[in-house]
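Peer 1: The following block contains the structure, expressed as structure tokens.
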Amino acid sequence: MTLLALHDVSKFFGGLRALSAISFEVAAGEIVGIIGANGAGKTTLFSLIAGHERASGGEIRFEGRNLAGMRPHQICRLGVARTFQIVRPFGGLTVEENVATAAMFGAARAASPAAAATRARDLLDLVGLRERATDLAETLTLSGQKRLELARAVATGGRLLLLDEVMAGLTPTEVVAMLDVVRRLHREYRLTILIIEHVMRALMQLAERIIVLHHGEQIAEGTPAAINADPRVHACYFGGAAA
Amino acid sequence: MKATAALLSILVLAFAALPLGAGDYFIGVGLSVLMYVALTQSWTVLSGMTGYVSLGHVVFYGLGGYVAALAWGTVPLAAIIPLAGIAAFALAATIGSPALRVRGPYFVILTFGLAELVKYIVIVIEGWLGKFSRVMFGAPGLDTLYYIMLALAAAATILTLSVRRSRFGQGLRAIRENEEAAETVGVPTVRFKLLAFGLSAIIPGMVGSVMVLRSTYFEPAQLFDPVVSFSIVTMAVVGGSDDVMGPLLGAAGFVVLSELLWANAPQLYMIFLGLLLILFVLFVPEGMSGKLFPARRRGAR
Amino acid sequence: MDAILSGQLLAAALVTGALYALTALGLNLVYGTMRLLNVAHGDLVMIGAYVAFWAFTLLALSPLLSLLGSAALAALLGLALYYGLFRRLLDGGKAAQRLEANSLLLFFGVSVIVQNLAALQFTSTPRGFQYLDEVYHFGNISVTGNRIAAFLVAIAICLGVMAFLRFHVTGLAIKALIQRRDAAAIVGVNIERVQILTLCLGFATASVAGALVSMTEQISPFMGFPFTIAAFVVIILGGLGNITGGIAAGFLLGLLETYGVALTSSAYRSILIYGVFVLILLVRPQGLLGGRRIVR
């Protein structure tokens, strides 16, 4: 079943063309990666899907529904969750409250504060933040805040998870740990994941399929192996020589 | 929160008992305290919870007073007060949509500008109507107004408590911490902000109507006084806006202070207010209630 | 109708505009370089006015000379504020965060203190003095000498600052700081020194505006508010941090106000100013960016 479908999506900021003619589909349960140089339009793509920006053209459908004109919170309620490239925790709230808030308002719409708290704790267990539950979110390290962001996104109950560079800034050890967390979430919460990443090693292990963006255009799509071998991708992204 | 409920009940009883024993002067002081409790608690529903600081809250107070001044004589007391609240809510609902799109310090000065704008509009309207001030004859006595104000203060406190403990309140806190992230996890930010704005306006509107009837005199420049807005903010900052007890502490403290200083040196009182505001903003942002009851802070800054 | 079309109104509008432009200039500089919304800005005008008043009353000194004193005093206040308040706080973590987020409330507190100190010291009674009030005639237009002087001095200072920003190294540094703070640091601009200079310059120009205003209007401890509001309107209209835009906007506001009041009545003056103020803020909500980084 197709969960997400983009058809000929474009975005202009004034005269600047950030995205054009983006078309692809994501089936339920898939993990699809998005790569491209900085400025290729990846985060813009997420902003369009999640509703923070309005597409200039084309169609975005989630579970068959056209998302045009919807506000971010409505799209969240439908089942789309995202993390931000630069983490945005609710700094003054506790770690648990961060996640519980998402559980209360997201697609899952917890029936009571107690139910929200339970869901929150389960997720915190999974991402390894349970011992920090009563600490203020702003006191976490970057790695902790990234995991919090992840837990919070999943807590909304969304079926589609948009991950924006969750590995950025992490040490190699932390990257391995994060990979593991993402895989577990994917499995236990039956998520479909669209993931933007620069850490290639991690992405190649995670994604079944990769879409390559360059200057706002879709230049390639295929399995990690195929992408790795694609000369166009090499020219644009990897810098010419084979990896 | 049994302790809070018990404490508040005691306070209500204490204030209710005041007119039975005390003379007019003390009832007047009590009235002022209750007034500021009502105003500040209402203010925190918006500004404490969402972080959108309003420096023009006197506009709701003044509008409520204006409604009372216009309606007195033709409309019974029991209808005037709710009417004032409705009018204030209507103003908030109307101006809220565009205003709440403005963020940070710009929202703060916007609210200030709005309050002044409405003040001058009312002045001009009164000019058209040929009135430079209005006097209310046969206004209710001090005792009656005192008990109405007690009810308003209690209502405001209950409102604040309810909002704090509700899902709505949790959403407001999320908005305060990071508005964009809040919307991403499903909080209907626009709607919630508007509702908070409206709720924060109702009781100040009603308070304004009571105060106009207390002074039996209405003059726009006097009623729409920016000092009221400023006092509310200072009381909230000094008393603490993250806890229900904060406004109570702030209001009581400042009214006592003003009673001591105002008669002789109003400027001194204002200077003191300014100093306290600065000191607390910089060094004690959690306010007195935050310092006295630290364990009570849930999800506070 | 004749009155409207006459040069009389235009002359009045130009004088008002020049003073608004000068007042707003300081606010623009301070905001542009330090992102601080100084709501006590109008009180600097008040301080400058009082300095001029007392200099004239006690020492028979012309405001055109004592404005230097106003400027010096204001610059000193800027220094004191910087070293007393900002410096200490911009080092320490927690307090520094609170400074930025709450600078508005802080300045509001300062404003209240300054106004009431003045009221305590000088009483609230408005004061004024006569200086250069001989009337000069240019065709149909009659203007008092003090208005001409105010206009000329204000224009001169505005042009002077513009030239400074364009041609002098430090002026360029200020512009760099306004446009891209981090980039300015990288290319070697001494941020702190430039900030201090800008703060003092901004305070001084506002204070000089006050000295000029004192020649033509009555002064009182609470006269600052309308100037603060007007200054904000001007800098937002002209573009935050855009010095030239601000000067043009100052004149625009002067025209708007003078002609607006002439067409309606003086009771509407406040409605006009606050109305424009509110309107601008509403019409450009998140879009107060326009290329500038706005701190939430």
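Every chain in the structure tokens has a letter given in the order shown (A, B, ...), and although residue numbers restart at 1 in each chain, ligands are simply numbered from 1 in the order shown.
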Which parts of segment 21-92 of chain A does DSSP call strand (DSSP E or B) when run on the backbone here, written out as JSON, numbers by chain?

Peer 2: {"A": [21, 22, 23, 24, 25, 26, 27, 31, 32, 33, 34, 35, 57, 58, 59, 60, 61, 62, 65, 66, 80, 81, 82]}

Peer 1: Just to be explicit: take each residue in the selection above, keep C-alpha atoms, and write the result as a compact mmCIF listing (two decimals), in the first residue's frame.

Peer 2:
```
# COMPACT_ATOMS: atom_id res chain seq x y z
CA ALA A 21 9.29 18.03 -10.55
CA ILE A 22 9.73 15.82 -7.50
CA SER A 23 7.79 12.58 -7.91
CA PHE A 24 8.09 9.41 -5.90
CA GLU A 25 6.11 7.02 -3.77
CA VAL A 26 6.76 5.38 -0.46
CA ALA A 27 5.07 2.11 0.40
CA ILE A 31 12.69 2.88 4.70
CA VAL A 32 13.61 5.34 1.98
CA GLY A 33 16.68 7.53 2.10
CA ILE A 34 17.13 10.99 0.62
CA ILE A 35 20.58 12.27 -0.15
CA GLY A 57 3.03 23.14 -7.54
CA GLY A 58 2.25 19.45 -7.69
CA GLU A 59 0.50 17.15 -5.26
CA ILE A 60 1.40 15.49 -2.01
CA ARG A 61 -0.84 12.66 -0.88
CA PHE A 62 -0.69 10.80 2.38
CA ARG A 65 -5.40 12.26 1.03
CA ASN A 66 -4.22 15.46 -0.58
CA VAL A 80 2.97 12.26 9.71
CA ALA A 81 5.74 12.88 12.22
CA ARG A 82 9.07 14.62 11.73
```

Peer 1: At a cut-off of 9 Å, list the chain B residues touching chain A, using only C-alpha atoms, as a list of chain:residue names.

Peer 2: B:Arg167, B:Gln170, B:Gly171, B:Arg173, B:Ala174, B:Ile175, B:Arg176, B:Glu177, B:Asn178, B:Glu180, B:Ala181, B:Ala182, B:Glu183, B:Thr184, B:Val185, B:Gly186, B:Val187, B:Pro188, B:Thr189, B:Arg298, B:Gly299, B:Ala300, B:Arg301

Peer 1: For segment 103-114 of chain C, please output as a list in words all residues within 7 Å (counting only C-alpha atoms; exclusion window: fewer than 3 positions along the same chain).

Peer 2: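 Residues near the query, excluding close chain neighbours: Pro105, Met270, Ile271, Gly274, Leu275, Leu277 and Ile278 of chain B; Leu36, Leu37, Asn38, Val39, Ala40, Asp43, Leu99, Glu100, Leu117 and Ala118 of chain C.
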
Peer 1: For Tyr217 of chain B, work out the shell of residues within 9 Å, counting only C-alpha atoms and skipping chain neighbours fewer than 3 positions away, then give it as a list in words.

Peer 2: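 So, after excluding close chain neighbours, the residues are Ala69, Ser133, Arg134, Val135, Met136, Val212, Leu213 and Arg214 of chain B.
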
Peer 1: Between C:Leu14, C:Val233, C:Ala49, C:Leu253, which residue has the minimum interatomic distance to chain B, considering only C-alpha atoms?

Peer 2: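 Closest candidate: C:Val233.
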
Peer 1: Contacts from chain B to chain C, 7 Å maximum, only C-alpha atoms: show me the residue list as a PyMOL selection string.

Peer 2: chain B and resi 98-99+101-105+110+113-114+116-117+120-121+124+267+270-271+274-275+277-278+282-283

Peer 1: Could you save the residues just selected, with N, CA and C atoms, as a PDB file, in the first residue's frame?

Peer 2:
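As written to disk, part25.pdb reads:
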```
ATOM      1  N   PRO B  98      -4.807  38.492  14.117  1.00  0.00           N
ATOM      2  CA  PRO B  98      -3.619  39.121  13.543  1.00  0.00           C
ATOM      3  C   PRO B  98      -2.518  39.340  14.568  1.00  0.00           C
ATOM      4  N   ALA B  99      -2.892  39.727  15.775  1.00  0.00           N
ATOM      5  CA  ALA B  99      -1.874  40.094  16.757  1.00  0.00           C
ATOM      6  C   ALA B  99      -0.988  38.920  17.157  1.00  0.00           C
ATOM      7  N   ARG B 101       0.093  36.584  15.539  1.00  0.00           N
ATOM      8  CA  ARG B 101       1.050  36.136  14.532  1.00  0.00           C
ATOM      9  C   ARG B 101       2.380  36.854  14.721  1.00  0.00           C
ATOM     10  N   VAL B 102       2.360  37.887  15.536  1.00  0.00           N
ATOM     11  CA  VAL B 102       3.559  38.663  15.809  1.00  0.00           C
ATOM     12  C   VAL B 102       4.288  38.019  16.972  1.00  0.00           C
ATOM     13  N   ARG B 103       5.603  37.864  16.833  1.00  0.00           N
ATOM     14  CA  ARG B 103       6.284  37.117  17.877  1.00  0.00           C
ATOM     15  C   ARG B 103       7.160  37.974  18.782  1.00  0.00           C
ATOM     16  N   GLY B 104       7.543  37.378  19.898  1.00  0.00           N
ATOM     17  CA  GLY B 104       8.566  37.938  20.763  1.00  0.00           C
ATOM     18  C   GLY B 104       8.319  39.354  21.222  1.00  0.00           C
ATOM     19  N   PRO B 105       9.398  40.146  21.264  1.00  0.00           N
ATOM     20  CA  PRO B 105       9.269  41.517  21.788  1.00  0.00           C
ATOM     21  C   PRO B 105       8.315  42.360  20.960  1.00  0.00           C
ATOM     22  N   LEU B 110       3.474  45.605  20.580  1.00  0.00           N
ATOM     23  CA  LEU B 110       2.195  45.696  19.875  1.00  0.00           C
ATOM     24  C   LEU B 110       1.048  45.821  20.870  1.00  0.00           C
ATOM     25  N   GLY B 113       0.962  49.240  22.241  1.00  0.00           N
ATOM     26  CA  GLY B 113       0.423  50.178  21.262  1.00  0.00           C
ATOM     27  C   GLY B 113      -1.084  50.044  21.100  1.00  0.00           C
ATOM     28  N   LEU B 114      -1.553  48.813  21.134  1.00  0.00           N
ATOM     29  CA  LEU B 114      -2.993  48.576  20.993  1.00  0.00           C
ATOM     30  C   LEU B 114      -3.768  49.218  22.135  1.00  0.00           C
ATOM     31  N   GLU B 116      -2.927  51.727  23.974  1.00  0.00           N
ATOM     32  CA  GLU B 116      -2.950  53.180  23.818  1.00  0.00           C
ATOM     33  C   GLU B 116      -3.896  53.599  22.694  1.00  0.00           C
ATOM     34  N   LEU B 117      -3.876  52.824  21.611  1.00  0.00           N
ATOM     35  CA  LEU B 117      -4.737  53.146  20.479  1.00  0.00           C
ATOM     36  C   LEU B 117      -6.202  53.138  20.895  1.00  0.00           C
ATOM     37  N   TYR B 120      -7.139  56.148  22.994  1.00  0.00           N
ATOM     38  CA  TYR B 120      -7.382  57.385  22.265  1.00  0.00           C
ATOM     39  C   TYR B 120      -8.640  57.327  21.422  1.00  0.00           C
ATOM     40  N   ILE B 121      -8.957  56.127  20.943  1.00  0.00           N
ATOM     41  CA  ILE B 121     -10.211  55.997  20.201  1.00  0.00           C
ATOM     42  C   ILE B 121     -11.391  56.278  21.115  1.00  0.00           C
ATOM     43  N   VAL B 124     -11.734  59.930  21.735  1.00  0.00           N
ATOM     44  CA  VAL B 124     -12.353  60.626  20.605  1.00  0.00           C
ATOM     45  C   VAL B 124     -13.857  60.348  20.549  1.00  0.00           C
ATOM     46  N   GLN B 267       6.022  58.709  42.814  1.00  0.00           N
ATOM     47  CA  GLN B 267       7.168  58.451  41.947  1.00  0.00           C
ATOM     48  C   GLN B 267       8.092  57.418  42.580  1.00  0.00           C
ATOM     49  N   MET B 270       6.784  54.014  41.915  1.00  0.00           N
ATOM     50  CA  MET B 270       7.042  53.596  40.547  1.00  0.00           C
ATOM     51  C   MET B 270       8.510  53.224  40.356  1.00  0.00           C
ATOM     52  N   ILE B 271       9.394  54.003  40.966  1.00  0.00           N
ATOM     53  CA  ILE B 271      10.816  53.695  40.836  1.00  0.00           C
ATOM     54  C   ILE B 271      11.106  52.324  41.446  1.00  0.00           C
ATOM     55  N   GLY B 274       9.950  49.658  39.177  1.00  0.00           N
ATOM     56  CA  GLY B 274      10.873  49.477  38.060  1.00  0.00           C
ATOM     57  C   GLY B 274      12.105  48.685  38.490  1.00  0.00           C
ATOM     58  N   LEU B 275      12.648  49.045  39.647  1.00  0.00           N
ATOM     59  CA  LEU B 275      13.833  48.351  40.153  1.00  0.00           C
ATOM     60  C   LEU B 275      13.550  46.873  40.398  1.00  0.00           C
ATOM     61  N   LEU B 277      11.257  45.048  39.062  1.00  0.00           N
ATOM     62  CA  LEU B 277      11.068  44.366  37.785  1.00  0.00           C
ATOM     63  C   LEU B 277      12.413  43.974  37.201  1.00  0.00           C
ATOM     64  N   ILE B 278      13.319  44.928  37.150  1.00  0.00           N
ATOM     65  CA  ILE B 278      14.632  44.659  36.580  1.00  0.00           C
ATOM     66  C   ILE B 278      15.357  43.567  37.346  1.00  0.00           C
ATOM     67  N   LEU B 282      16.155  39.689  35.827  1.00  0.00           N
ATOM     68  CA  LEU B 282      17.524  39.248  35.619  1.00  0.00           C
ATOM     69  C   LEU B 282      17.934  38.107  36.534  1.00  0.00           C
ATOM     70  N   PHE B 283      17.586  38.230  37.806  1.00  0.00           N
ATOM     71  CA  PHE B 283      18.160  37.290  38.764  1.00  0.00           C
ATOM     72  C   PHE B 283      17.188  36.299  39.388  1.00  0.00           C
TER      73      PHE B 283
END
```

Peer 1: If you count only C-alpha atoms, which residues fall within 9 Å of Ser214 of chain C, apart from same-chain ones fewer than 2 positions away, as a ChimeraX atom specification?

Peer 2: /C:46,48-50,52-53,63,128-129,209-212,216-219

Peer 1: Return as a PyMOL selection string the full set of residues in segment 87-229 of chain C whose backbone-based DSSP assignment is alpha helix (DSSP H).

Peer 2: chain C and resi 87-91+93-122+145-167+169-179+181-186+191-216+224-229

Peer 1: Report, in Å with one decimal, the straight-line distance from atom CA of Lys146 of chain A to atom CA of Val166 of chain A.

Peer 2: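 Answer for the atom CA of Lys146 of chain A to atom CA of Val166 of chain A separation: 6.4 Å.
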
Peer 1: Report, in Å with one decimal, the straight-line distance from atom CA of Thr244 of chain C to atom CA of Arg147 of chain C.

Peer 2: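 Rounded to one decimal, the two atoms are 22.9 Å apart.
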
Peer 1: How many Å separate atom CA of Arg191 of chain B from atom CA of Tyr61 of chain B?

Peer 2: 23.3 Å

Peer 1: Thr40 of chain B: which residues within 7 Å, counting only C-alpha atoms, same-chain residues fewer than 5 positions away excluded, as a PyMOL selection string?

Peer 2: chain B and resi 232+236+247

Peer 1: I'd like the neighbourhood of Leu10 of chain C as a PDB file with N, CA and C atoms, in the first residue's frame, where a residue qualifies if any of its atoms comes within 10 Å (using only C-alpha atoms), though same-chain residues fewer than 2 positions away should be ignored.

Peer 2:
```pdb
ATOM      1  N   ILE C   4      -4.105  73.803   3.598  1.00  0.00           N
ATOM      2  CA  ILE C   4      -3.472  72.525   3.279  1.00  0.00           C
ATOM      3  C   ILE C   4      -2.403  72.702   2.225  1.00  0.00           C
ATOM      4  N   LEU C   5      -2.759  73.432   1.197  1.00  0.00           N
ATOM      5  CA  LEU C   5      -1.838  73.532   0.086  1.00  0.00           C
ATOM      6  C   LEU C   5      -0.708  74.506   0.331  1.00  0.00           C
ATOM      7  N   SER C   6      -0.833  75.276   1.354  1.00  0.00           N
ATOM      8  CA  SER C   6       0.197  76.287   1.563  1.00  0.00           C
ATOM      9  C   SER C   6       1.494  75.654   1.995  1.00  0.00           C
ATOM     10  N   GLY C   7       2.524  76.405   1.863  1.00  0.00           N
ATOM     11  CA  GLY C   7       3.814  75.884   2.267  1.00  0.00           C
ATOM     12  C   GLY C   7       3.949  75.819   3.770  1.00  0.00           C
ATOM     13  N   GLN C   8       3.037  76.484   4.478  1.00  0.00           N
ATOM     14  CA  GLN C   8       3.107  76.534   5.931  1.00  0.00           C
ATOM     15  C   GLN C   8       3.124  75.136   6.537  1.00  0.00           C
ATOM     16  N   ALA C  12       6.107  72.988   8.531  1.00  0.00           N
ATOM     17  CA  ALA C  12       5.913  72.332   9.831  1.00  0.00           C
ATOM     18  C   ALA C  12       6.228  70.846   9.718  1.00  0.00           C
ATOM     19  N   ALA C  13       5.746  70.239   8.639  1.00  0.00           N
ATOM     20  CA  ALA C  13       5.970  68.805   8.445  1.00  0.00           C
ATOM     21  C   ALA C  13       7.453  68.489   8.341  1.00  0.00           C
ATOM     22  N   LEU C  14       8.178  69.344   7.643  1.00  0.00           N
ATOM     23  CA  LEU C  14       9.605  69.103   7.482  1.00  0.00           C
ATOM     24  C   LEU C  14      10.346  69.178   8.812  1.00  0.00           C
ATOM     25  N   VAL C  15       9.976  70.155   9.616  1.00  0.00           N
ATOM     26  CA  VAL C  15      10.637  70.286  10.916  1.00  0.00           C
ATOM     27  C   VAL C  15      10.344  69.056  11.777  1.00  0.00           C
ATOM     28  N   THR C  16       9.068  68.708  11.862  1.00  0.00           N
ATOM     29  CA  THR C  16       8.684  67.526  12.633  1.00  0.00           C
ATOM     30  C   THR C  16       9.405  66.298  12.092  1.00  0.00           C
ATOM     31  N   ILE C 141       5.161  81.818   3.870  1.00  0.00           N
ATOM     32  CA  ILE C 141       5.454  80.948   4.997  1.00  0.00           C
ATOM     33  C   ILE C 141       6.110  81.721   6.124  1.00  0.00           C
ATOM     34  N   GLY C 254       6.580  62.534   9.638  1.00  0.00           N
ATOM     35  CA  GLY C 254       6.318  63.946   9.901  1.00  0.00           C
ATOM     36  C   GLY C 254       5.231  64.480   8.970  1.00  0.00           C
ATOM     37  N   LEU C 255       5.326  64.089   7.715  1.00  0.00           N
ATOM     38  CA  LEU C 255       4.310  64.532   6.750  1.00  0.00           C
ATOM     39  C   LEU C 255       2.945  63.966   7.102  1.00  0.00           C
ATOM     40  N   THR C 258       1.554  65.679  10.300  1.00  0.00           N
ATOM     41  CA  THR C 258       1.169  67.077  10.137  1.00  0.00           C
ATOM     42  C   THR C 258      -0.061  67.227   9.255  1.00  0.00           C
ATOM     43  N   TYR C 259      -0.023  66.559   8.117  1.00  0.00           N
ATOM     44  CA  TYR C 259      -1.171  66.677   7.227  1.00  0.00           C
ATOM     45  C   TYR C 259      -2.380  65.942   7.786  1.00  0.00           C
TER      46      TYR C 259
END
```

Peer 1: Which one of B:Ile203, B:Leu63, B:Ala252, B:Leu261 sits closest to Glu219 of chain B if you count only C-alpha atoms?

Peer 2: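 Of all the options, B:Leu63 lies closest to Glu219 of chain B.
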